[in-house]
Each structure stands twice: as structure tokens, then as C-alpha cells.
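Q: Got a structure for you, my_file28.cif, holding mmCIF, C-alpha atoms.
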```cif
data_run
#
loop_
_atom_site.group_PDB
_atom_site.id
_atom_site.type_symbol
_atom_site.label_atom_id
_atom_site.label_comp_id
_atom_site.auth_asym_id
_atom_site.auth_seq_id
_atom_site.Cartn_x
_atom_site.Cartn_y
_atom_site.Cartn_z
ATOM 1 C CA MET H 21 32.690 3.092 0.283
ATOM 2 C CA GLU H 22 30.525 0.939 2.532
ATOM 3 C CA LYS H 23 29.009 -2.184 1.111
ATOM 4 C CA ASN H 24 25.230 -2.486 1.046
ATOM 5 C CA MET H 25 24.003 -4.688 3.878
ATOM 6 C CA PHE H 26 21.251 -7.192 3.227
ATOM 7 C CA ILE H 27 19.499 -9.379 5.760
ATOM 8 C CA ASP H 28 19.163 -12.999 4.765
ATOM 9 C CA PRO H 29 15.497 -13.864 5.474
ATOM 10 C CA ASN H 30 16.587 -17.400 6.296
ATOM 11 C CA HIS H 31 18.642 -16.066 9.213
ATOM 12 C CA VAL H 32 16.184 -13.554 10.646
ATOM 13 C CA PRO H 33 15.333 -14.495 14.253
ATOM 14 C CA ASP H 34 11.817 -15.922 14.555
ATOM 15 C CA GLU H 35 10.737 -13.064 16.824
ATOM 16 C CA HIS H 36 11.639 -10.580 14.047
ATOM 17 C CA LYS H 37 9.922 -12.363 11.189
ATOM 18 C CA VAL H 38 6.637 -10.866 9.990
ATOM 19 C CA PRO H 39 3.898 -13.519 10.027
ATOM 20 C CA PHE H 40 2.082 -14.210 6.784
ATOM 21 C CA ASP H 41 -0.896 -16.096 5.457
ATOM 22 C CA VAL H 42 -1.611 -17.797 2.149
ATOM 23 C CA ILE H 43 -4.332 -16.026 0.156
ATOM 24 C CA GLU H 44 -6.302 -17.809 -2.554
ATOM 25 C CA LEU H 45 -6.678 -15.636 -5.648
ATOM 26 C CA PRO H 46 -10.200 -15.260 -7.098
ATOM 27 C CA SER H 47 -8.805 -15.873 -10.607
ATOM 28 C CA LYS H 48 -7.349 -19.221 -9.467
ATOM 29 C CA GLY H 49 -4.233 -18.161 -11.377
ATOM 30 C CA LEU H 50 -5.788 -19.232 -14.688
ATOM 31 C CA LEU H 51 -4.730 -16.040 -16.448
ATOM 32 C CA TYR H 52 -1.129 -15.940 -15.239
ATOM 33 C CA LYS H 53 1.726 -17.626 -17.048
ATOM 34 C CA ASN H 54 2.888 -19.365 -13.890
ATOM 35 C CA LYS H 55 -0.731 -20.356 -13.022
ATOM 36 C CA LYS H 56 -0.158 -19.220 -9.448
ATOM 37 C CA SER H 57 -3.473 -19.646 -7.638
ATOM 38 C CA SER H 58 -2.373 -18.390 -4.223
ATOM 39 C CA VAL H 59 0.205 -16.017 -2.750
ATOM 40 C CA LYS H 60 1.875 -15.426 0.585
ATOM 41 C CA VAL H 61 0.857 -12.095 2.080
ATOM 42 C CA GLU H 62 2.507 -10.649 5.181
ATOM 43 C CA TYR H 63 0.385 -9.063 7.876
ATOM 44 C CA MET H 64 0.598 -5.294 8.227
ATOM 45 C CA THR H 65 2.938 -3.882 10.850
ATOM 46 C CA ALA H 66 3.575 -0.519 12.496
ATOM 47 C CA TYR H 67 6.128 0.244 9.773
ATOM 48 C CA ASP H 68 3.412 0.095 7.103
ATOM 49 C CA GLU H 69 1.756 3.129 8.671
ATOM 50 C CA ASN H 70 4.614 5.125 7.137
ATOM 51 C CA ILE H 71 3.424 4.069 3.686
ATOM 52 C CA LEU H 72 -0.231 4.816 4.350
ATOM 53 C CA THR H 73 0.503 8.270 5.809
ATOM 54 C CA SER H 74 3.200 9.434 3.385
ATOM 55 C CA PRO H 75 1.871 12.647 1.745
ATOM 56 C CA ASN H 76 3.791 12.118 -1.502
ATOM 57 C CA LEU H 77 2.619 8.522 -1.906
ATOM 58 C CA LEU H 78 -0.962 9.490 -1.112
ATOM 59 C CA SER H 79 -0.989 12.395 -3.561
ATOM 60 C CA ASN H 80 0.353 10.366 -6.505
ATOM 61 C CA GLY H 81 -1.702 7.257 -5.696
ATOM 62 C CA LYS H 82 1.298 4.967 -5.212
ATOM 63 C CA ALA H 83 0.737 4.084 -1.558
ATOM 64 C CA LEU H 84 -1.275 0.925 -2.237
ATOM 65 C CA ASP H 85 1.072 -0.150 -5.045
ATOM 66 C CA ILE H 86 4.042 0.038 -2.677
ATOM 67 C CA LEU H 87 2.072 -1.697 0.067
ATOM 68 C CA ILE H 88 1.259 -4.661 -2.186
ATOM 69 C CA GLU H 89 4.807 -4.814 -3.531
ATOM 70 C CA LYS H 90 6.105 -4.949 0.043
ATOM 71 C CA LYS H 91 3.603 -7.396 1.532
ATOM 72 C CA VAL H 92 3.060 -9.943 -1.267
ATOM 73 C CA LYS H 93 5.733 -12.635 -1.363
ATOM 74 C CA GLU H 94 6.664 -15.158 -4.049
ATOM 75 C CA LEU H 95 4.245 -13.761 -6.614
ATOM 76 C CA GLY H 96 6.515 -14.762 -9.472
ATOM 77 C CA PHE H 97 5.692 -11.722 -11.620
ATOM 78 C CA ASN H 98 5.337 -7.956 -11.314
ATOM 79 C CA HIS H 99 2.500 -6.995 -8.966
ATOM 80 C CA ASP H 100 1.190 -4.584 -11.625
ATOM 81 C CA GLU H 101 0.244 -7.647 -13.678
ATOM 82 C CA LEU H 102 -2.263 -8.748 -11.054
ATOM 83 C CA LEU H 103 -5.852 -8.745 -12.202
ATOM 84 C CA SER H 104 -7.810 -5.975 -10.525
ATOM 85 C CA GLY H 105 -9.984 -8.509 -8.684
ATOM 86 C CA ASP H 106 -6.996 -10.439 -7.314
ATOM 87 C CA ARG H 107 -5.453 -7.172 -6.176
ATOM 88 C CA MET H 108 -8.670 -6.269 -4.387
ATOM 89 C CA ALA H 109 -8.672 -9.625 -2.558
ATOM 90 C CA ILE H 110 -5.132 -8.936 -1.300
ATOM 91 C CA LEU H 111 -6.014 -5.404 -0.191
ATOM 92 C CA LEU H 112 -9.095 -6.696 1.625
ATOM 93 C CA PHE H 113 -6.928 -9.207 3.501
ATOM 94 C CA LEU H 114 -4.475 -6.463 4.489
ATOM 95 C CA ARG H 115 -7.289 -4.157 5.611
ATOM 96 C CA THR H 116 -9.169 -6.711 7.720
ATOM 97 C CA THR H 117 -6.107 -8.249 9.361
ATOM 98 C CA GLY H 118 -4.477 -4.862 9.945
ATOM 99 C CA LEU H 119 -7.401 -2.654 10.940
ATOM 100 C CA GLY H 120 -10.292 -4.991 11.662
ATOM 101 C CA ASN H 121 -13.508 -6.015 9.938
ATOM 102 C CA GLU H 122 -15.665 -2.972 10.679
ATOM 103 C CA TYR H 123 -15.930 -0.368 7.934
ATOM 104 C CA PRO H 124 -18.105 2.738 8.489
ATOM 105 C CA GLN H 125 -20.081 3.907 5.475
ATOM 106 C CA THR H 126 -23.047 6.205 4.948
ATOM 107 C CA VAL H 127 -25.965 4.221 3.499
ATOM 108 C CA PHE H 128 -29.656 4.599 2.643
ATOM 109 C CA ASP H 129 -32.114 3.061 5.098
ATOM 110 C CA GLU H 130 -35.477 1.525 4.114
ATOM 111 C CA GLU H 131 -37.037 4.997 3.899
ATOM 112 C CA ARG H 132 -34.228 6.252 1.625
ATOM 113 C CA ASN H 133 -32.736 8.453 4.326
ATOM 114 C CA LEU H 134 -28.959 8.728 4.594
ATOM 115 C CA VAL H 135 -27.783 7.141 7.833
ATOM 116 C CA GLU H 136 -24.487 6.004 9.320
ATOM 117 C CA GLY H 137 -23.848 2.296 8.826
ATOM 118 C CA VAL H 138 -21.146 -0.255 9.516
ATOM 119 C CA ILE H 139 -20.147 -2.996 7.067
ATOM 120 C CA ASP H 140 -18.608 -6.251 8.277
ATOM 121 C CA LEU H 141 -15.807 -6.745 5.738
ATOM 122 C CA SER H 142 -15.458 -10.412 6.727
ATOM 123 C CA SER H 143 -18.922 -11.026 5.253
ATOM 124 C CA LEU H 144 -17.805 -10.121 1.715
ATOM 125 C CA LYS H 145 -17.769 -13.114 -0.611
ATOM 126 C CA MET H 146 -15.059 -14.038 -3.075
ATOM 127 C CA LYS H 147 -16.149 -14.145 -6.693
ATOM 128 C CA GLU H 148 -14.096 -16.809 -8.468
ATOM 129 C CA LEU H 149 -13.369 -17.107 -12.180
ATOM 130 C CA ASP H 150 -15.766 -19.789 -13.405
ATOM 131 C CA VAL H 151 -15.347 -19.360 -17.174
ATOM 132 C CA LYS H 152 -12.310 -21.083 -18.640
ATOM 133 C CA PRO H 153 -10.134 -18.894 -20.919
ATOM 134 C CA ASN H 154 -8.561 -20.170 -24.144
ATOM 135 C CA GLU H 155 -4.833 -20.855 -24.522
ATOM 136 C CA ASN H 156 -4.220 -17.105 -24.981
ATOM 137 C CA GLY H 157 -6.027 -16.198 -21.782
ATOM 138 C CA GLU H 158 -8.966 -14.787 -23.765
ATOM 139 C CA PHE H 159 -12.730 -15.223 -23.555
ATOM 140 C CA ASP H 160 -15.472 -15.304 -26.196
ATOM 141 C CA PHE H 161 -18.628 -13.228 -26.425
ATOM 142 C CA ILE H 162 -21.217 -12.817 -29.196
ATOM 143 C CA LEU H 163 -22.511 -9.259 -29.395
ATOM 144 C CA PRO H 164 -26.328 -9.594 -29.271
ATOM 145 C CA LYS H 165 -27.268 -7.048 -31.959
ATOM 146 C CA SER H 166 -24.419 -7.116 -34.491
ATOM 147 C CA LYS H 167 -23.715 -10.844 -33.869
ATOM 148 C CA LYS H 168 -20.008 -10.130 -34.034
ATOM 149 C CA ASN H 169 -17.714 -12.644 -32.325
ATOM 150 C CA VAL H 170 -15.479 -10.895 -29.797
ATOM 151 C CA LYS H 171 -12.404 -12.282 -28.061
ATOM 152 C CA PHE H 172 -11.331 -10.300 -25.027
ATOM 153 C CA ARG H 173 -9.089 -10.400 -21.988
ATOM 154 C CA LEU H 174 -9.536 -9.126 -18.446
ATOM 155 C CA LEU H 175 -7.679 -5.991 -17.426
ATOM 156 C CA THR H 176 -4.740 -5.907 -15.030
ATOM 157 C CA HIS H 177 -3.831 -3.180 -12.580
ATOM 158 C CA LYS H 178 -1.218 -1.988 -15.083
ATOM 159 C CA ASP H 179 -3.972 -1.628 -17.701
ATOM 160 C CA GLU H 180 -6.116 0.349 -15.263
ATOM 161 C CA LYS H 181 -3.290 2.785 -14.475
ATOM 162 C CA GLU H 182 -2.365 3.300 -18.125
ATOM 163 C CA ILE H 183 -6.011 3.873 -19.088
ATOM 164 C CA GLU H 184 -6.379 6.461 -16.342
ATOM 165 C CA SER H 185 -3.201 8.247 -17.454
ATOM 166 C CA ILE H 186 -4.262 8.334 -21.119
ATOM 167 C CA ASP H 187 -7.757 9.457 -20.191
ATOM 168 C CA GLN H 188 -6.456 12.362 -18.115
ATOM 169 C CA LYS H 189 -4.414 13.612 -21.065
ATOM 170 C CA GLN H 190 -7.279 13.197 -23.539
ATOM 171 C CA LYS H 191 -9.755 15.011 -21.306
ATOM 172 C CA GLU H 192 -7.676 18.156 -21.671
ATOM 173 C CA LYS H 193 -8.138 17.941 -25.454
ATOM 174 C CA ASN H 194 -11.791 16.826 -25.371
ATOM 175 C CA GLY H 195 -13.225 19.608 -23.262
ATOM 176 C CA GLY H 196 -13.295 17.494 -20.104
ATOM 177 C CA ILE H 197 -15.083 14.521 -21.706
ATOM 178 C CA SER H 198 -13.773 11.224 -20.343
ATOM 179 C CA MET H 199 -12.918 8.506 -22.881
ATOM 180 C CA ASN H 200 -12.519 5.874 -20.154
ATOM 181 C CA ALA H 201 -15.274 3.611 -21.500
ATOM 182 C CA THR H 202 -13.794 3.524 -25.006
ATOM 183 C CA LEU H 203 -10.241 3.104 -23.745
ATOM 184 C CA ARG H 204 -11.287 0.105 -21.668
ATOM 185 C CA LEU H 205 -12.944 -1.515 -24.667
ATOM 186 C CA GLU H 206 -9.875 -0.956 -26.843
ATOM 187 C CA ARG H 207 -7.576 -2.398 -24.186
ATOM 188 C CA SER H 208 -9.771 -5.402 -23.426
ATOM 189 C CA ILE H 209 -10.940 -6.528 -26.877
ATOM 190 C CA MET H 210 -8.295 -8.497 -28.758
ATOM 191 C CA GLU H 211 -10.285 -9.705 -31.764
ATOM 192 C CA ILE H 212 -13.562 -9.013 -33.585
ATOM 193 C CA ASP H 213 -14.725 -11.559 -36.184
ATOM 194 C CA GLY H 214 -11.155 -12.772 -36.673
ATOM 195 C CA GLU H 215 -9.683 -9.262 -37.001
ATOM 196 C CA ARG H 216 -6.811 -8.610 -34.555
ATOM 197 C CA ASP H 217 -5.395 -5.370 -35.962
ATOM 198 C CA LYS H 218 -5.795 -2.822 -33.158
ATOM 199 C CA MET H 219 -6.430 0.128 -35.480
ATOM 200 C CA LYS H 220 -9.182 -1.738 -37.309
ATOM 201 C CA ILE H 221 -10.696 -2.925 -34.016
ATOM 202 C CA SER H 222 -10.749 0.680 -32.783
ATOM 203 C CA HIS H 223 -12.638 1.723 -35.919
ATOM 204 C CA ILE H 224 -15.164 -1.102 -35.505
ATOM 205 C CA LEU H 225 -15.750 -0.163 -31.853
ATOM 206 C CA LYS H 226 -16.750 3.362 -32.842
ATOM 207 C CA THR H 227 -19.632 1.958 -34.920
ATOM 208 C CA LEU H 228 -20.985 -0.588 -32.423
ATOM 209 C CA SER H 229 -24.461 -0.020 -31.046
ATOM 210 C CA LEU H 230 -24.798 1.057 -27.421
ATOM 211 C CA ILE H 231 -26.728 -2.089 -26.534
ATOM 212 C CA ASP H 232 -23.862 -4.273 -27.811
ATOM 213 C CA VAL H 233 -21.367 -2.339 -25.695
ATOM 214 C CA ARG H 234 -23.505 -2.459 -22.570
ATOM 215 C CA LYS H 235 -24.225 -6.170 -22.896
ATOM 216 C CA PHE H 236 -20.519 -6.807 -23.379
ATOM 217 C CA ASN H 237 -19.584 -4.781 -20.300
ATOM 218 C CA LYS H 238 -22.300 -6.555 -18.316
ATOM 219 C CA TYR H 239 -20.833 -9.931 -19.287
ATOM 220 C CA ILE H 240 -17.365 -8.851 -18.187
ATOM 221 C CA GLY H 241 -18.814 -7.811 -14.841
ATOM 222 C CA GLU H 242 -20.469 -11.208 -14.493
ATOM 223 C CA ILE H 243 -17.353 -13.315 -15.109
ATOM 224 C CA GLU H 244 -14.628 -11.048 -13.721
ATOM 225 C CA PRO H 245 -13.101 -12.577 -10.571
ATOM 226 C CA GLY H 246 -12.676 -10.539 -7.422
ATOM 227 C CA ILE H 247 -14.717 -9.590 -4.382
ATOM 228 C CA ASN H 248 -18.499 -9.256 -4.480
ATOM 229 C CA LEU H 249 -19.046 -5.730 -3.169
ATOM 230 C CA GLU H 250 -22.804 -6.195 -2.731
ATOM 231 C CA THR H 251 -23.324 -6.532 1.002
ATOM 232 C CA ASN H 252 -25.303 -5.342 4.037
ATOM 233 C CA ALA H 253 -24.640 -2.590 6.533
ATOM 234 C CA ARG H 254 -25.625 -2.552 10.185
ATOM 235 C CA THR H 255 -27.368 0.680 11.126
ATOM 236 C CA GLN H 256 -27.921 2.363 14.464
ATOM 237 C CA GLY H 257 -30.614 0.558 16.388
ATOM 238 C CA GLY H 258 -29.589 -2.856 15.074
ATOM 239 C CA GLY H 259 -31.190 -2.684 11.630
ATOM 240 C CA SER H 260 -29.625 -3.978 8.426
ATOM 241 C CA VAL H 261 -29.841 -2.585 4.884
ATOM 242 C CA SER H 262 -28.508 -3.756 1.552
ATOM 243 C CA CYS H 263 -25.746 -1.613 0.078
ATOM 244 C CA PHE H 264 -22.714 -1.551 -2.189
ATOM 245 C CA LEU H 265 -19.279 -1.229 -0.623
ATOM 246 C CA ARG H 266 -17.654 2.062 -1.634
ATOM 247 C CA LEU H 267 -13.895 2.288 -1.301
ATOM 248 C CA GLY H 268 -13.142 5.712 0.068
ATOM 249 C CA ARG H 269 -10.323 7.241 2.090
ATOM 250 C CA ASN H 270 -11.766 5.832 5.316
ATOM 251 C CA PHE H 271 -11.184 2.274 4.026
ATOM 252 C CA TRP H 272 -7.650 2.704 5.419
ATOM 253 C CA TYR H 273 -8.586 5.366 7.962
ATOM 254 C CA PRO H 274 -11.856 4.149 9.537
ATOM 255 C CA GLU H 275 -11.576 6.785 12.267
ATOM 256 C CA VAL H 276 -11.928 9.586 9.670
#
```
Kindly transcribe the structure held in the file into C-alpha cells.

A:
Amino acid sequence: MEKNMFIDPNHVPDEHKVPFDVIELPSKGLLYKNKKSSVKVEYMTAYDENILTSPNLLSNGKALDILIEKKVKELGFNHDELLSGDRMAILLFLRTTGLGNEYPQTVFDEERNLVEGVIDLSSLKMKELDVKPNENGEFDFILPKSKKNVKFRLLTHKDEKEIESIDQKQKEKNGGISMNATLRLERSIMEIDGERDKMKISHILKTLSLIDVRKFNKYIGEIEPGINLETNARTQGGGSVSCFLRLGRNFWYPEV
């Protein structure tokens, strides 16, 4: 039986090495055990087109997971443990360096007509984590109506995938009603008024007022690190309109 052959990266000829850059993470690494605030990310190559055009990977949603696993170096932990905002920063780097800064998107002009626009992805701003977590990587929030003290954490990509999987299964039992909002609360909130039992927290969440939940979600949106998707699009004729970046299929296939 033939032995597996591995290429020692230290002995790869310079002309065959894939260039990389160091990307600062919006979270500054504050929520990772190794406190890694930046990562090496390789530039995309012709080989990566195989990942982005693989029917099986596209249908099961694993294409971007494999792309990040392949391109991010020296992360020090499983890429699924990346915060969603850090993951987005890496994907934005791969998209702009691999396919350019221009991203076509249909937008509303000043007269609320749908028009074709182009977003300059290089203009997007990084949104850093400015609130310091406690020693457990958790944050505090006082619910405005009930005055309950909540400790919560930010969700990782692994959390997002598991929530989506659970939600899909529950929708079949709930007549198509999505429980995504509740599942996100249950996964994020670690303590309410000193109570850390997950079953008891789940019961408390079912009785919270809507205003408490919405204010809590708003606060998460305010502090969560990542990329600020509020931007401007250039329209035909040279105009510019405010818009929100939508990540569709043409993010990786701008010609579509």
C-alpha cells in the first residue's frame, strides 16, 4: 500500500506558495480562549473555484465553511467557533481580493423606484467590539420593563448552524412557524437574575414582554462586532443612494 504523501509547507518553492495577508478580527479576539486578534488568510486561487461551483457543496451550504477552513491559517481553534462577525470579515476579504470591490445590487432610488446599483465593498466599515466581556466571555443587560439582569454571550457560526437545523425540524411540527427568534434567545442568554439553569431560563423567556426582547436584541445588534452593512450604492447616471448590503448568490457570482 502506498504511503500518503504530504508536502512540507516549509519546503514549498516560493513560486508555488499562496500569498496571504493578516486580517484583524472585529472582535479583537476578546471572546476566544487564545485571545487571537488577527489571522492569516490566503488569497483565493483558481483552485477555489472548484469549491464555489461544486453542486453538492452549494446545495448543502458547506461551500463557504470549506473555503474558510482552507484559507484561514493558524486560527488555533475550529473555524466553526468563529463569531459570525469575524467570519463575515474574513469572507469579505476573500471576496474583495478574489473578485474585486464592485458588488451589483438592486436598490431603491430617491423616488423609491427599484434601480440597478453597484456597491463598493471596500467602503464597508469594520465594527469592532467596544464592550468588554466578563471573565466568562459574557455581557450584562438590564431588561427595561421587567428589570431583570441578563448575562449573555454572542453567537458563533456553530450556534447559527445548530439553530437553523433545530428550527427546520421544529417548523415541520409547528405548522411552518419559525422558532428562530426564541432559539437564538435560549442559545445566547446564559443567566437571568442569577439563574443559570437552562430549563428555567427557557420558561422565563416565554413570559418576557415583547419590548424587553426587542430592546435586548437591539442591544446585541449594537455591540456585536463584524462589518457595518449600512452603505451606499452608485446608480446609473452617477447618483448615490443609501442602502443595506444584502448577501445573495451574486456576492460570489457578480456576473449573475

Q: Do you know which residues are at most 8 Å from stretch 177-188 of chain H counting only C-alpha atoms, after dropping those on the same chain fewer than 3 positions away, and could you put them as an NGL selection string?

A: :H and (100-104 or 107 or 191-192 or 198-200 or 203-204 or 207)

Q: For H:Asn70, list every protein, DNA or RNA residue within 12 Å, evaluated using all atoms listed in the file, and leave out those in the same chain fewer than 6 positions away; present the list as JSON, numbers by chain.

A: {"H": [64, 76, 77, 78, 83, 84, 86, 87]}

Q: Now that the selection is made, can you save its residues with C-alpha atoms as a PDB file, in the coordinates of the input?

A:
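Here's the written file selection-v5.pdb:
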```pdb
ATOM      1  CA  MET H  64       0.598  -5.294   8.227  1.00  0.00           C
ATOM      2  CA  ASN H  76       3.791  12.118  -1.502  1.00  0.00           C
ATOM      3  CA  LEU H  77       2.619   8.522  -1.906  1.00  0.00           C
ATOM      4  CA  LEU H  78      -0.962   9.490  -1.112  1.00  0.00           C
ATOM      5  CA  ALA H  83       0.737   4.084  -1.558  1.00  0.00           C
ATOM      6  CA  LEU H  84      -1.275   0.925  -2.237  1.00  0.00           C
ATOM      7  CA  ILE H  86       4.042   0.038  -2.677  1.00  0.00           C
ATOM      8  CA  LEU H  87       2.072  -1.697   0.067  1.00  0.00           C
TER       9      LEU H  87
END
```

Q: With distances taken over all atoms listed in the file, which of H:Ile240, H:Ile197, H:Ile231, H:Val92 is nearest to H:Glu158?

A: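 Answer, going by the shortest atom-to-atom distance: H:Ile240.
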
Q: Of the candidates H:Leu267, H:Leu149, H:Val261, H:Leu141, which shows the shortest atom-to-atom distance to H:Gly49, using only C-alpha atoms?

A: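 Nearest to H:Gly49: H:Leu149.
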
Q: Given the choices H:Lys48, H:Lys226, H:Lys171, H:Arg115, which gets closest to H:Asn270 if the distance is worked out from all atoms listed in the file?

A: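 Counting all atoms listed in the file, the residue closest to H:Asn270 is H:Arg115.
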
Q: Using only C-alpha atoms for the distances, tell me which of H:Asn133, H:Ser143, H:Thr65, H:Thr73 is nearest to H:Leu114.

A: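 Closest to H:Leu114, using only C-alpha atoms: H:Thr65.
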
Q: What is the atom CA of H:Tyr63-atom CA of H:Leu265 distance in Å, reported with one decimal?

A: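 Distance between the two atoms: 22.8 Å.
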
Q: In Å, with one decimal, what is the gap from atom CA of H:Leu144 to atom CA of H:Pro245?

A: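 Atom-to-atom, atom CA of H:Leu144 and atom CA of H:Pro245 are spaced 13.4 Å apart.
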
Q: Nearest to H:Glu44 among H:Val233, H:Val138, H:Val127, H:Met146, with distances taken over only C-alpha atoms: which residue is it?

A: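 Distance minimum relative to H:Glu44 lands on H:Met146.
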
Q: List, as a list in words, every residue that the PyMOL selection byres ((chain H and resi 250) around 8) selects in the file provided.

A: Leu144, Asn248, Leu249, Thr251, Asn252, Ser262, Cys263, Phe264 and Leu265 of chain H

Q: As a check of understanding, name the residues that the PyMOL selection byres ((chain H and resi 113) around 12) selects in the supplied structure, as a PyMOL selection string.

A: chain H and resi 40-45+59-64+88+91-92+106-112+114-121+141-142+144+146+247

Q: Could you pull the residues within 9 Å of stretch 234-238 of chain H, counting only C-alpha atoms, minus those fewer than 5 positions along the same chain, as an NGL selection string?

A: :H and (161-164 or 205 or 229 or 243)

Q: Once you count all atoms listed in the file, which residues end up no further than 12 Å from (-25.9, -1.9, 11.7) in the file's frame, shown as a PyMOL selection string?

A: chain H and resi 122-129+135-140+251-263

Q: Limited to C-alpha atoms, could you put the picked residues into a file as an mmCIF file, in the coordinates of the input?

A:
```cif
data_model
loop_
_atom_site.group_PDB
_atom_site.id
_atom_site.type_symbol
_atom_site.label_atom_id
_atom_site.label_comp_id
_atom_site.auth_asym_id
_atom_site.auth_seq_id
_atom_site.Cartn_x
_atom_site.Cartn_y
_atom_site.Cartn_z
ATOM 1 C CA GLU H 122 -15.665 -2.972 10.679
ATOM 2 C CA TYR H 123 -15.930 -0.368 7.934
ATOM 3 C CA PRO H 124 -18.105 2.738 8.489
ATOM 4 C CA GLN H 125 -20.081 3.907 5.475
ATOM 5 C CA THR H 126 -23.047 6.205 4.948
ATOM 6 C CA VAL H 127 -25.965 4.221 3.499
ATOM 7 C CA PHE H 128 -29.656 4.599 2.643
ATOM 8 C CA ASP H 129 -32.114 3.061 5.098
ATOM 9 C CA VAL H 135 -27.783 7.141 7.833
ATOM 10 C CA GLU H 136 -24.487 6.004 9.320
ATOM 11 C CA GLY H 137 -23.848 2.296 8.826
ATOM 12 C CA VAL H 138 -21.146 -0.255 9.516
ATOM 13 C CA ILE H 139 -20.147 -2.996 7.067
ATOM 14 C CA ASP H 140 -18.608 -6.251 8.277
ATOM 15 C CA THR H 251 -23.324 -6.532 1.002
ATOM 16 C CA ASN H 252 -25.303 -5.342 4.037
ATOM 17 C CA ALA H 253 -24.640 -2.590 6.533
ATOM 18 C CA ARG H 254 -25.625 -2.552 10.185
ATOM 19 C CA THR H 255 -27.368 0.680 11.126
ATOM 20 C CA GLN H 256 -27.921 2.363 14.464
ATOM 21 C CA GLY H 257 -30.614 0.558 16.388
ATOM 22 C CA GLY H 258 -29.589 -2.856 15.074
ATOM 23 C CA GLY H 259 -31.190 -2.684 11.630
ATOM 24 C CA SER H 260 -29.625 -3.978 8.426
ATOM 25 C CA VAL H 261 -29.841 -2.585 4.884
ATOM 26 C CA SER H 262 -28.508 -3.756 1.552
ATOM 27 C CA CYS H 263 -25.746 -1.613 0.078
#
```
